[in-house]
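Colleague: Got a structure for you, questions after.
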Amino acid sequence: MKENFKKAVLLLGMSITIPTVSIAQENIETDISADLVSGYIWRGQDLGNVSIQPTLSVSYKGFSLSAWGSVGFEGKDTKELDLTLGYTTGGFSISVTDYWFDGGSGYFHYGSDNTNHTFEAQVGYDFGFLAVNWYTNFAGYDGVNNEGSRAYASYVSVTAPFKLGGLDWTAEIGATPWANDFYNASEELHCNGSNGFAVSDISLQAGKDVKITRSFSVPVFAKLTWNPRTEGTYFVFGLNF
């Protein structure tokens, strides 16, 4: 009788413990993907030509840690590595990103006058039909204003998704709220950035899944961008794997 009782207790313990472990593992999500783009356009700025842009991410209960990079096919294109720690609950999101670009100081140089890192804070809310996000540089190479003082260069964007003609569309408008030299530099117009509030990204993107086989499809997108500040116009095509 005692032996049977011990077995029953053991089986009950296993039935409680095993599902608990399984649930905990299911809550951890990982993802790996990559985009192949005909041009690297970021917030209305031309940062390179044909590029491969991989992503690796881990998320758990609203928290996420991701690595994103960009490598151009041409040697002159800048290489980039971004690390982002974020939290999302409902439509609210907040994050901190460390952007790093090659071509200057090594990766582990963080001095204010000797670094290729830019640290940015983001806060936003996605209402479903509309998403609003605010970004501010707070450390590293973060930009200066017209007087040469620290600008805390910022960017605000408003995006609206919609469906039309069987495609998934996104309309976006982005702007820099005050003077800085981090955004909108243009050699052609001889401008070192934004003199004040400036709309720097008006874009429209459409995407769809292209079926390769019955069980395999590749997401593709095309994006048209206009930067009123620099008078730059870009059209990019991309594949996601």
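Convention: chains lettered A, B, ... in structure tokens order; per-chain residue numbering from 1; ligands numbered from 1 as shown.
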For region 60-70 of chain A, find every residue with an atom within 10 Å (counting only C-alpha atoms), except residues of its own chain fewer than 3 positions away, and show them as a ChimeraX atom specification.
Modeller: /A:24-37,40,47-48,50-57,73,77-90,93-101
Colleague: Pull the alpha helix (DSSP H) assignments for region 12-197 of chain A out of DSSP run on the backbone, and list those residues as a ChimeraX atom specification.
Modeller: /A:12-26
Colleague: May I have all residues of region 70-112 of chain A that DSSP, computed from the backbone, assigns to strand (DSSP E), given as a PyMOL selection string?
Modeller: chain A and resi 70-72+80-89+92-101
Colleague: Let's have the selection written as a JSON list (two decimals), in the first residue's frame, with N, CA and C atoms.
Modeller:
```
[["chain", "number", "residue", "atom", "x", "y", "z"],
["A", 70, "SER", "N", 23.65, 45.40, -41.45],
["A", 70, "SER", "CA", 23.56, 45.71, -42.87],
["A", 70, "SER", "C", 24.96, 45.66, -43.47],
["A", 71, "VAL", "N", 25.10, 44.89, -44.55],
["A", 71, "VAL", "CA", 26.37, 44.78, -45.26],
["A", 71, "VAL", "C", 26.11, 45.02, -46.74],
["A", 72, "GLY", "N", 26.74, 46.03, -47.31],
["A", 72, "GLY", "CA", 26.56, 46.34, -48.71],
["A", 72, "GLY", "C", 27.41, 45.46, -49.60],
["A", 80, "GLU", "N", 27.02, 47.97, -40.72],
["A", 80, "GLU", "CA", 26.28, 48.42, -39.53],
["A", 80, "GLU", "C", 25.87, 47.24, -38.68],
["A", 81, "LEU", "N", 25.92, 47.45, -37.35],
["A", 81, "LEU", "CA", 25.42, 46.47, -36.40],
["A", 81, "LEU", "C", 24.62, 47.21, -35.33],
["A", 82, "ASP", "N", 23.35, 46.83, -35.15],
["A", 82, "ASP", "CA", 22.46, 47.46, -34.17],
["A", 82, "ASP", "C", 21.99, 46.43, -33.16],
["A", 83, "LEU", "N", 22.06, 46.78, -31.89],
["A", 83, "LEU", "CA", 21.54, 45.94, -30.82],
["A", 83, "LEU", "C", 20.41, 46.69, -30.13],
["A", 84, "THR", "N", 19.25, 46.03, -29.98],
["A", 84, "THR", "CA", 18.08, 46.69, -29.42],
["A", 84, "THR", "C", 17.49, 45.87, -28.28],
["A", 85, "LEU", "N", 17.27, 46.53, -27.15],
["A", 85, "LEU", "CA", 16.57, 45.93, -26.02],
["A", 85, "LEU", "C", 15.25, 46.67, -25.87],
["A", 86, "GLY", "N", 14.13, 45.91, -25.93],
["A", 86, "GLY", "CA", 12.83, 46.57, -25.92],
["A", 86, "GLY", "C", 11.81, 45.85, -25.08],
["A", 87, "TYR", "N", 10.71, 46.54, -24.85],
["A", 87, "TYR", "CA", 9.57, 45.96, -24.12],
["A", 87, "TYR", "C", 8.29, 46.45, -24.77],
["A", 88, "THR", "N", 7.35, 45.51, -24.98],
["A", 88, "THR", "CA", 6.07, 45.83, -25.59],
["A", 88, "THR", "C", 4.94, 45.23, -24.77],
["A", 89, "THR", "N", 3.91, 46.02, -24.52],
["A", 89, "THR", "CA", 2.70, 45.52, -23.86],
["A", 89, "THR", "C", 1.51, 46.19, -24.52],
["A", 92, "PHE", "N", 1.70, 49.64, -26.57],
["A", 92, "PHE", "CA", 2.79, 50.47, -26.08],
["A", 92, "PHE", "C", 4.14, 49.78, -26.26],
["A", 93, "SER", "N", 5.15, 50.53, -26.67],
["A", 93, "SER", "CA", 6.49, 49.97, -26.82],
["A", 93, "SER", "C", 7.54, 50.99, -26.38],
["A", 94, "ILE", "N", 8.64, 50.47, -25.85],
["A", 94, "ILE", "CA", 9.77, 51.29, -25.44],
["A", 94, "ILE", "C", 11.04, 50.49, -25.70],
["A", 95, "SER", "N", 12.12, 51.16, -26.12],
["A", 95, "SER", "CA", 13.34, 50.44, -26.43],
["A", 95, "SER", "C", 14.55, 51.35, -26.36],
["A", 96, "VAL", "N", 15.71, 50.72, -26.30],
["A", 96, "VAL", "CA", 17.00, 51.40, -26.39],
["A", 96, "VAL", "C", 17.82, 50.66, -27.44],
["A", 97, "THR", "N", 18.40, 51.41, -28.39],
["A", 97, "THR", "CA", 19.18, 50.81, -29.46],
["A", 97, "THR", "C", 20.59, 51.37, -29.48],
["A", 98, "ASP", "N", 21.55, 50.48, -29.67],
["A", 98, "ASP", "CA", 22.95, 50.85, -29.88],
["A", 98, "ASP", "C", 23.26, 50.65, -31.35],
["A", 99, "TYR", "N", 23.41, 51.76, -32.10],
["A", 99, "TYR", "CA", 23.80, 51.69, -33.50],
["A", 99, "TYR", "C", 25.33, 51.79, -33.59],
["A", 100, "TRP", "N", 25.93, 50.92, -34.40],
["A", 100, "TRP", "CA", 27.37, 51.03, -34.63],
["A", 100, "TRP", "C", 27.66, 50.92, -36.12],
["A", 101, "PHE", "N", 28.54, 51.83, -36.59],
["A", 101, "PHE", "CA", 28.94, 51.86, -37.99],
["A", 101, "PHE", "C", 30.46, 51.73, -38.08]]
```
Colleague: What does the distance between CA of Val132 (chain A) and CA of Arg43 (chain A) come to in Å, to one decimal place?
Modeller: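 Between these atoms lies a distance of 14.3 Å.
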Colleague: What's the 6 Å shell around region 167-176 of chain A, counting only C-alpha atoms, without same-chain residues fewer than 5 positions away, as number ranges by chain?
Modeller: A: 154-162, 197-208
Colleague: Under the rule that only C-alpha atoms are counted, which of A:Gly111, A:Val123, A:Asn195, A:Phe241 is the nearest residue to Ala151 (chain A)?
Modeller: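 Answer, going by the shortest atom-to-atom distance: A:Asn195.
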Colleague: I need the residue nearest Phe108 (chain A) from this list: A:Gly140, A:Ala131, A:Ile41, A:Ala185. Use only C-alpha atoms for the distance.
Modeller: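 Looking only at the distances to Phe108 (chain A), the closest residue turns out to be A:Gly140.
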